[in-house]
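Have a look at target06.txt below; it lists compact mmCIF, C-alpha atoms.
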```
# COMPACT_ATOMS: atom_id res chain seq x y z
CA TRP A 1 6.84 183.14 -2.65
CA HIS A 2 5.59 183.65 0.89
CA SER A 3 8.33 183.81 3.48
CA MET A 4 6.51 181.35 5.74
CA TYR A 5 7.01 178.69 3.08
CA ALA A 6 10.59 179.55 2.13
CA LEU A 7 13.63 177.58 3.19
CA PRO A 8 15.76 179.20 5.89
CA ALA A 9 18.41 181.53 4.51
CA SER A 10 21.07 179.38 6.13
CA GLY A 11 20.52 176.93 3.28
CA MET A 12 20.73 173.16 3.23
CA ILE A 13 19.71 171.10 6.26
CA ASP A 14 20.94 167.53 6.69
CA PRO A 15 17.99 165.62 8.22
CA SER A 16 20.23 162.67 9.03
CA LEU A 17 21.73 164.79 11.80
CA TYR A 18 18.39 165.43 13.47
CA CYS A 19 15.64 163.01 12.43
CA SER A 20 15.16 159.83 14.41
CA CYS A 21 13.69 158.10 11.35
CA ALA A 22 15.71 156.20 8.77
CA PHE A 23 17.04 158.90 6.46
CA LEU A 24 16.49 158.55 2.71
CA CYS A 25 20.24 158.60 1.97
CA CYS A 26 20.20 154.95 2.94
CA ILE A 27 17.70 154.08 0.19
CA THR A 28 19.10 151.83 -2.52
CA GLY A 29 17.60 149.91 -5.41
CA ILE A 30 15.51 152.69 -6.95
CA SER A 31 14.13 151.76 -10.36
CA ILE A 32 12.31 154.05 -12.80
CA VAL A 33 9.10 152.84 -14.45
CA HIS A 34 6.50 154.63 -16.57
CA GLY A 35 9.22 157.04 -17.68
CA ASP A 36 9.55 159.03 -14.47
CA ILE A 37 8.13 157.05 -11.54
CA ALA A 38 10.53 155.78 -8.89
CA VAL A 39 9.83 152.45 -7.21
CA LEU A 40 11.59 150.35 -4.58
CA ASN A 41 11.80 146.56 -4.78
CA ASP A 42 9.58 146.45 -7.86
CA SER A 43 6.61 147.60 -5.78
CA LEU A 44 4.59 150.03 -7.89
CA LYS A 45 1.95 152.12 -6.18
CA ASN A 46 -0.75 153.79 -8.24
CA ALA A 47 -3.45 156.23 -7.25
CA ASP A 48 -6.02 153.70 -6.03
CA PRO A 49 -3.93 151.26 -3.94
CA CYS A 50 -1.75 154.19 -2.95
CA THR A 51 -4.54 156.05 -1.21
CA ALA A 52 -5.90 152.83 0.29
CA LYS A 53 -2.50 152.09 1.83
CA GLY A 54 -2.17 155.47 3.47
CA CYS A 55 0.28 157.19 1.18
CA LYS A 56 -1.76 160.35 0.94
CA TRP A 57 -0.12 163.18 2.82
CA PRO A 58 -2.04 163.79 6.07
CA LYS A 59 -4.45 166.66 6.43
CA SER A 60 -4.29 168.89 9.49
CA GLY A 61 -7.28 171.18 9.82
CA LYS A 62 -7.92 172.89 6.50
CA TYR A 63 -4.56 172.11 4.92
CA VAL A 64 -2.31 169.26 3.83
CA TYR A 65 1.21 170.14 4.91
CA VAL A 66 4.04 168.64 2.85
CA PRO A 67 7.53 169.23 4.27
CA TYR A 68 10.30 169.78 1.74
CA ILE A 69 14.02 170.30 1.37
CA ILE A 70 15.69 171.78 -1.71
CA SER A 71 19.24 170.67 -2.37
CA SER A 72 21.91 173.32 -2.01
CA ALA A 73 23.24 172.21 -5.41
CA TYR A 74 20.60 174.38 -7.10
CA SER A 75 21.28 178.04 -7.87
CA GLN A 76 18.89 180.66 -6.51
CA GLU A 77 17.31 180.99 -9.96
CA GLN A 78 16.78 177.23 -10.12
CA ARG A 79 15.39 177.17 -6.58
CA ASN A 80 12.92 179.88 -7.56
CA ILE A 81 11.53 177.66 -10.32
CA ILE A 82 10.93 174.88 -7.79
CA LEU A 83 9.46 177.30 -5.25
CA GLY A 84 7.19 178.74 -7.93
CA GLY A 85 5.95 175.27 -8.80
CA MET A 86 5.09 174.62 -5.16
CA GLU A 87 3.43 178.02 -4.81
CA SER A 88 1.04 177.17 -7.67
CA PHE A 89 -0.48 174.43 -5.49
CA HIS A 90 -1.03 176.94 -2.67
CA LEU A 91 -3.06 179.16 -4.99
CA SER A 92 -5.65 176.56 -6.02
CA THR A 93 -5.59 173.64 -3.55
CA CYS A 94 -5.26 172.93 0.17
CA ILE A 95 -1.72 171.60 -0.32
CA ARG A 96 0.85 173.64 1.60
CA PHE A 97 4.57 173.01 1.19
CA VAL A 98 6.50 173.86 4.34
CA PRO A 99 10.21 173.73 5.17
CA TRP A 100 11.33 170.48 6.74
CA ASN A 101 12.02 170.37 10.47
CA SER A 102 13.43 167.70 12.73
CA ASP A 103 9.99 166.32 13.61
CA ASP A 104 9.16 165.51 9.97
CA CYS A 105 9.94 161.95 8.96
CA SER A 106 7.99 162.18 5.70
CA TYR A 107 9.15 164.89 3.33
CA ILE A 108 10.16 165.60 -0.26
CA TYR A 109 13.84 166.12 -1.02
CA PHE A 110 14.27 168.03 -4.29
CA GLU A 111 17.60 167.05 -5.79
CA SER A 112 19.30 167.13 -9.18
CA LYS A 113 19.77 163.44 -9.89
CA ASP A 114 19.67 161.72 -13.29
CA GLY A 115 16.50 162.89 -15.01
CA CYS A 116 13.06 164.02 -13.85
CA TRP A 117 11.28 161.53 -11.59
CA SER A 118 9.34 161.01 -8.38
CA PHE A 119 7.77 158.35 -6.22
CA VAL A 120 3.97 158.07 -6.31
CA GLY A 121 2.44 159.23 -3.04
CA ARG A 122 3.94 159.79 0.39
CA GLN A 123 6.79 157.47 1.33
CA ASP A 124 7.92 156.81 4.88
CA ASN A 125 11.27 158.26 5.92
CA GLY A 126 11.52 160.84 3.15
CA GLN A 127 11.63 160.61 -0.61
CA TYR A 128 13.67 162.00 -3.45
CA LEU A 129 12.09 164.04 -6.20
CA SER A 130 14.65 164.46 -8.95
CA LEU A 131 14.72 167.59 -11.09
CA GLN A 132 17.96 167.45 -13.03
CA LYS A 133 19.40 170.91 -13.46
CA ASN A 134 19.84 170.45 -17.18
CA GLY A 135 16.43 169.63 -18.64
CA CYS A 136 13.91 169.37 -15.79
CA LEU A 137 13.60 172.86 -14.36
CA TYR A 138 10.40 174.00 -16.03
CA HIS A 139 7.21 175.04 -14.26
CA GLY A 140 5.13 172.26 -15.80
CA THR A 141 7.76 169.62 -15.05
CA VAL A 142 7.91 170.67 -11.40
CA GLN A 143 4.11 170.44 -11.18
CA HIS A 144 4.11 167.05 -12.94
CA GLU A 145 6.61 165.46 -10.56
CA ILE A 146 4.94 166.98 -7.50
CA LEU A 147 1.62 165.51 -8.64
CA HIS A 148 3.27 162.09 -8.65
CA ALA A 149 4.48 162.73 -5.10
CA LEU A 150 0.92 163.65 -4.11
CA GLY A 151 -0.35 160.28 -5.38
CA PHE A 152 -1.21 160.75 -9.05
CA HIS A 153 -0.28 158.59 -12.01
CA HIS A 154 -0.01 159.42 -15.71
CA GLU A 155 -3.29 160.24 -17.42
CA GLN A 156 -2.88 157.72 -20.26
CA CYS A 157 -2.45 154.95 -17.66
CA ARG A 158 -5.93 155.51 -16.20
CA SER A 159 -8.03 152.41 -15.69
CA ASP A 160 -10.56 153.68 -18.27
CA ARG A 161 -8.06 154.95 -20.85
CA ASP A 162 -9.07 152.43 -23.52
CA LYS A 163 -12.32 154.34 -24.00
CA TYR A 164 -10.38 157.42 -25.05
CA VAL A 165 -7.01 156.43 -26.49
CA CYS A 166 -5.43 153.63 -28.45
CA ILE A 167 -1.84 152.59 -27.76
CA ASN A 168 0.03 151.77 -30.98
CA LYS A 169 2.53 149.22 -29.74
CA LYS A 170 4.32 148.81 -33.07
CA ASN A 171 5.52 152.42 -32.84
CA ILE A 172 6.89 152.11 -29.29
CA GLU A 173 10.63 151.94 -28.79
CA PRO A 174 11.62 148.39 -27.73
CA GLY A 175 11.96 148.13 -23.98
CA GLN A 176 9.65 151.09 -23.36
CA GLU A 177 6.35 149.22 -23.55
CA GLY A 178 5.98 149.31 -19.78
CA ASN A 179 5.54 153.08 -19.93
CA PHE A 180 2.09 152.51 -21.43
CA LYS A 181 0.85 149.96 -18.90
CA LYS A 182 -2.69 150.61 -17.72
CA GLU A 183 -3.13 150.93 -13.94
CA GLN A 184 -6.09 150.38 -11.62
CA THR A 185 -6.41 154.04 -10.77
CA ASN A 186 -8.99 155.89 -8.73
CA ASN A 187 -10.24 158.48 -11.23
CA LEU A 188 -12.23 160.41 -8.62
CA GLY A 189 -15.23 160.83 -10.91
CA THR A 190 -13.30 163.18 -13.20
CA PRO A 191 -13.23 163.02 -17.01
CA TYR A 192 -10.30 161.84 -19.10
CA ASP A 193 -8.16 164.89 -19.78
CA PHE A 194 -5.91 165.25 -22.82
CA TYR A 195 -4.80 168.62 -21.45
CA SER A 196 -3.64 167.24 -18.10
CA ILE A 197 -0.04 168.02 -17.17
CA MET A 198 0.12 164.27 -16.43
CA HIS A 199 -0.60 163.15 -20.02
CA TYR A 200 2.15 161.80 -22.25
CA GLY A 201 2.62 163.39 -25.64
CA LYS A 202 1.28 161.74 -28.77
CA TYR A 203 4.78 160.78 -29.95
CA ASP A 204 6.48 159.94 -26.67
CA PHE A 205 8.77 156.87 -26.77
CA SER A 206 8.27 156.53 -30.54
CA ILE A 207 10.80 154.45 -32.45
CA ASN A 208 9.89 155.81 -35.87
CA GLY A 209 8.47 159.30 -35.40
CA GLN A 210 4.92 157.98 -35.64
CA PRO A 211 2.33 158.37 -32.85
CA THR A 212 2.44 155.95 -29.95
CA ILE A 213 -0.96 157.14 -28.68
CA PHE A 214 -4.05 157.97 -30.75
CA ALA A 215 -7.21 159.71 -29.57
CA ARG A 216 -10.09 157.38 -30.44
CA ALA A 217 -12.45 160.26 -31.21
CA ASP A 218 -9.99 161.89 -33.63
CA PRO A 219 -6.75 160.13 -34.65
CA TYR A 220 -5.36 163.46 -35.91
CA PHE A 221 -5.92 165.28 -32.62
CA ASP A 222 -2.63 166.44 -31.10
CA TRP A 223 -1.90 167.06 -27.42
CA GLY A 224 0.84 166.70 -24.84
CA HIS A 225 2.01 170.31 -24.86
CA ALA A 226 0.66 171.37 -21.46
CA LYS A 227 2.76 173.99 -19.65
CA HIS A 228 0.84 173.91 -16.36
CA MET A 229 -1.84 172.00 -14.47
CA SER A 230 -5.27 171.81 -16.08
CA SER A 231 -8.49 172.58 -14.23
CA ASN A 232 -9.04 168.82 -14.00
CA ASP A 233 -5.63 168.31 -12.39
CA ILE A 234 -6.54 170.90 -9.76
CA ASN A 235 -10.00 169.41 -9.27
CA ARG A 236 -8.52 165.96 -8.65
CA ILE A 237 -6.17 167.25 -5.98
CA ASN A 238 -9.06 168.98 -4.24
CA LYS A 239 -11.17 165.81 -4.43
CA LEU A 240 -8.46 163.40 -3.30
CA TYR A 241 -7.46 165.57 -0.36
CA GLU A 242 -11.00 166.77 0.41
CA CYS A 243 -9.91 170.37 0.20
CA CYS A 244 -13.45 171.73 0.28
CA LYS A 245 -14.32 170.08 3.59
```

Whole structure given in structure tokens:
Amino acid sequence: WHSMYALPASGMIDPSLYCSCAFLCCITGISIVHGDIAVLNDSLKNADPCTAKGCKWPKSGKYVYVPYIISSAYSQEQRNIILGGMESFHLSTCIRFVPWNSDDCSYIYFESKDGCWSFVGRQDNGQYLSLQKNGCLYHGTVQHEILHALGFHHEQCRSDRDKYVCINKKNIEPGQEGNFKKEQTNNLGTPYDFYSIMHYGKYDFSINGQPTIFARADPYFDWGHAKHMSSNDINRINKLYECCK
């Protein structure tokens, strides 16, 4: 992890002491939809409306700088997992995670709340990204939640998903049907990707151990075991943020 992207050794900064913007500690009424997506006031952003409404992170020159804070509640080993997840974006995209400073009113606050979840796209006045210490600190999970924060939705919720998968509603746990809702996403001209880190597993939210999602081309095809971003995930970031320009 490059020192220019590491948090100061002094540790946790409290932005509420410095930032003139409304600090995220005042946020209430967070709901979780689609399994791990945080929303406020029942207003769900997905990739297409999200980018149209300006919730992409701004580009400055060649790079997209995303300020971050990591909660002091994490151990150094746990922090390193989060830092490693961020570093993986530096290696293959124009996204650059940088330590928060007092001029940054949009930033990601990594904290161990209840579960693994994130808002979709940039939120004004800061946003939580929850990586619970027990269960969420894996490289692929960090990448997955960061991709939400960058503006991406789950793969099986793509606007064109019905061409590739079938949702078996009778196998879905009651009350979890909303996790399979199709969204009007901007697919950026990229193919449907079963190997995306953003794709649910075949048996996720199953009430009976039977598949909740089938691949139309091959009902016996298994997936959902990705440990890191696929080449398509990386390509989409580079397209959405125009990294090659």

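The two atoms in question, atom CA of Asp114 of chain A and atom CA of Lys181 of chain A, are spaced 22.9 Å apart.
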
Long-range neighbours of Arg158 of chain A as a PyMOL selection string, 8 Å cut-off, all atoms listed in the file, 2 positions minimum in chain: chain A and resi 153-156+160-161+182-185+187

Between atom CA of Trp223 of chain A and atom CA of Tyr241 of chain A - distance in Å to one decimal: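 Pair atom CA of Tyr241 of chain A / atom CA of Trp223 of chain A returns 27.7 Å.
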
Separation of atom CA of Pro191 of chain A from atom CA of Ile234 of chain A, in Å and rounded to one decimal: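 Atom CA of Ile234 of chain A lies at a distance of 12.6 Å from atom CA of Pro191 of chain A.
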
Polymer residues at most 10 Å from Asp222 of chain A, only C-alpha atoms, same-chain spacing of 4 or more positions, as an MDAnalysis selection string: chainID A and resid 194 201:203 211 213:215 218

A:Thr190, A:Phe97, A:Tyr164, A:Ile172 ranked by distance to Pro219 of chain A, top pick (using only C-alpha atoms):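 Ranking A:Thr190, A:Phe97, A:Tyr164, A:Ile172 by distance to Pro219 of chain A, first place goes to A:Tyr164.
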
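If only C-alpha atoms are the atoms counted, then among A:Ser206, A:Gln127, A:Asn179, A:Thr212 the closest residue to Val165 of chain A is A:Thr212.
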
File for segment 189-235 of chain A (N, CA and C atoms), as a short mmCIF file (atom, residue, chain, number, x, y, z; two decimals), in the first residue's frame:
```cif
data_model
loop_
_atom_site.label_atom_id
_atom_site.label_comp_id
_atom_site.auth_asym_id
_atom_site.auth_seq_id
_atom_site.Cartn_x
_atom_site.Cartn_y
_atom_site.Cartn_z
N GLY A 189 -22.55 -1.21 -22.47
CA GLY A 189 -22.15 -2.01 -23.63
C GLY A 189 -21.34 -3.24 -23.28
N THR A 190 -21.41 -3.68 -22.03
CA THR A 190 -20.63 -4.84 -21.60
C THR A 190 -21.53 -6.06 -21.47
N PRO A 191 -20.98 -7.26 -21.66
CA PRO A 191 -21.80 -8.48 -21.60
C PRO A 191 -22.21 -8.84 -20.19
N TYR A 192 -23.28 -9.62 -20.09
CA TYR A 192 -23.69 -10.17 -18.80
C TYR A 192 -22.57 -11.07 -18.30
N ASP A 193 -22.28 -10.97 -17.00
CA ASP A 193 -21.08 -11.64 -16.48
C ASP A 193 -21.40 -12.46 -15.23
N PHE A 194 -21.46 -13.78 -15.41
CA PHE A 194 -21.70 -14.67 -14.27
C PHE A 194 -20.53 -14.66 -13.29
N TYR A 195 -19.37 -14.22 -13.76
CA TYR A 195 -18.17 -14.24 -12.92
C TYR A 195 -17.90 -12.90 -12.25
N SER A 196 -18.82 -11.96 -12.42
CA SER A 196 -18.68 -10.65 -11.78
C SER A 196 -18.71 -10.80 -10.26
N ILE A 197 -17.91 -9.99 -9.59
CA ILE A 197 -17.93 -9.97 -8.12
C ILE A 197 -19.27 -9.42 -7.63
N MET A 198 -20.07 -8.83 -8.55
CA MET A 198 -21.36 -8.25 -8.19
C MET A 198 -22.52 -9.22 -8.40
N HIS A 199 -22.25 -10.46 -8.79
CA HIS A 199 -23.34 -11.41 -9.06
C HIS A 199 -23.68 -12.21 -7.81
N TYR A 200 -24.96 -12.33 -7.52
CA TYR A 200 -25.42 -13.21 -6.44
C TYR A 200 -25.05 -14.65 -6.77
N GLY A 201 -25.00 -15.47 -5.74
CA GLY A 201 -24.82 -16.89 -5.93
C GLY A 201 -26.12 -17.56 -6.35
N LYS A 202 -26.00 -18.73 -6.90
CA LYS A 202 -27.14 -19.47 -7.43
C LYS A 202 -28.18 -19.79 -6.35
N TYR A 203 -27.74 -19.93 -5.10
CA TYR A 203 -28.63 -20.36 -4.02
C TYR A 203 -28.90 -19.25 -3.00
N ASP A 204 -28.50 -18.05 -3.29
CA ASP A 204 -28.68 -16.96 -2.32
C ASP A 204 -30.15 -16.72 -2.02
N PHE A 205 -30.45 -16.52 -0.74
CA PHE A 205 -31.81 -16.25 -0.25
C PHE A 205 -32.77 -17.40 -0.52
N SER A 206 -32.25 -18.62 -0.59
CA SER A 206 -33.10 -19.79 -0.83
C SER A 206 -33.78 -20.23 0.46
N ILE A 207 -35.04 -20.61 0.36
CA ILE A 207 -35.78 -21.08 1.52
C ILE A 207 -35.67 -22.59 1.69
N ASN A 208 -35.27 -23.27 0.62
CA ASN A 208 -35.32 -24.74 0.64
C ASN A 208 -34.05 -25.41 0.13
N GLY A 209 -32.99 -24.64 -0.05
CA GLY A 209 -31.74 -25.21 -0.55
C GLY A 209 -31.71 -25.41 -2.04
N GLN A 210 -32.77 -25.00 -2.72
CA GLN A 210 -32.83 -25.09 -4.18
C GLN A 210 -32.44 -23.75 -4.80
N PRO A 211 -32.00 -23.76 -6.06
CA PRO A 211 -31.54 -22.50 -6.68
C PRO A 211 -32.62 -21.43 -6.75
N THR A 212 -32.22 -20.21 -6.49
CA THR A 212 -33.11 -19.07 -6.68
C THR A 212 -32.87 -18.41 -8.04
N ILE A 213 -31.73 -18.70 -8.65
CA ILE A 213 -31.39 -18.16 -9.97
C ILE A 213 -30.88 -19.30 -10.84
N PHE A 214 -31.41 -19.40 -12.06
CA PHE A 214 -30.93 -20.37 -13.04
C PHE A 214 -30.31 -19.64 -14.22
N ALA A 215 -29.26 -20.20 -14.78
CA ALA A 215 -28.73 -19.69 -16.05
C ALA A 215 -29.59 -20.27 -17.17
N ARG A 216 -30.13 -19.43 -18.02
CA ARG A 216 -31.01 -19.92 -19.09
C ARG A 216 -30.28 -20.87 -20.04
N ALA A 217 -29.03 -20.59 -20.32
CA ALA A 217 -28.28 -21.42 -21.27
C ALA A 217 -27.97 -22.80 -20.71
N ASP A 218 -27.86 -22.91 -19.39
CA ASP A 218 -27.53 -24.19 -18.76
C ASP A 218 -28.00 -24.15 -17.31
N PRO A 219 -29.17 -24.74 -17.02
CA PRO A 219 -29.71 -24.71 -15.66
C PRO A 219 -28.80 -25.33 -14.60
N TYR A 220 -27.84 -26.15 -15.03
CA TYR A 220 -26.94 -26.81 -14.08
C TYR A 220 -25.64 -26.01 -13.85
N PHE A 221 -25.47 -24.95 -14.60
CA PHE A 221 -24.28 -24.12 -14.45
C PHE A 221 -24.25 -23.48 -13.07
N ASP A 222 -23.12 -23.55 -12.40
CA ASP A 222 -22.98 -22.97 -11.07
C ASP A 222 -22.05 -21.76 -11.14
N TRP A 223 -22.27 -20.79 -10.26
CA TRP A 223 -21.46 -19.58 -10.24
C TRP A 223 -21.61 -18.94 -8.86
N GLY A 224 -21.13 -17.74 -8.72
CA GLY A 224 -21.30 -17.01 -7.47
C GLY A 224 -20.19 -17.24 -6.47
N HIS A 225 -19.03 -17.70 -6.96
CA HIS A 225 -17.91 -17.99 -6.07
C HIS A 225 -16.72 -17.06 -6.32
N ALA A 226 -16.99 -15.91 -6.94
CA ALA A 226 -15.90 -14.99 -7.28
C ALA A 226 -15.19 -14.49 -6.03
N LYS A 227 -13.87 -14.42 -6.10
CA LYS A 227 -13.05 -13.94 -4.99
C LYS A 227 -12.48 -12.55 -5.25
N HIS A 228 -12.64 -12.07 -6.48
CA HIS A 228 -12.11 -10.76 -6.85
C HIS A 228 -12.84 -10.26 -8.08
N MET A 229 -12.63 -9.01 -8.44
CA MET A 229 -13.27 -8.42 -9.61
C MET A 229 -12.92 -9.19 -10.87
N SER A 230 -13.89 -9.31 -11.77
CA SER A 230 -13.64 -9.92 -13.07
C SER A 230 -13.10 -8.86 -14.03
N SER A 231 -12.66 -9.29 -15.19
CA SER A 231 -12.19 -8.34 -16.20
C SER A 231 -13.32 -7.43 -16.64
N ASN A 232 -14.56 -7.94 -16.65
CA ASN A 232 -15.71 -7.12 -16.99
C ASN A 232 -15.97 -6.05 -15.93
N ASP A 233 -15.83 -6.42 -14.67
CA ASP A 233 -16.00 -5.43 -13.60
C ASP A 233 -15.03 -4.27 -13.80
N ILE A 234 -13.79 -4.61 -14.08
CA ILE A 234 -12.75 -3.59 -14.28
C ILE A 234 -13.07 -2.75 -15.52
N ASN A 235 -13.49 -3.41 -16.59
CA ASN A 235 -13.82 -2.71 -17.83
C ASN A 235 -14.95 -1.71 -17.61
#
```
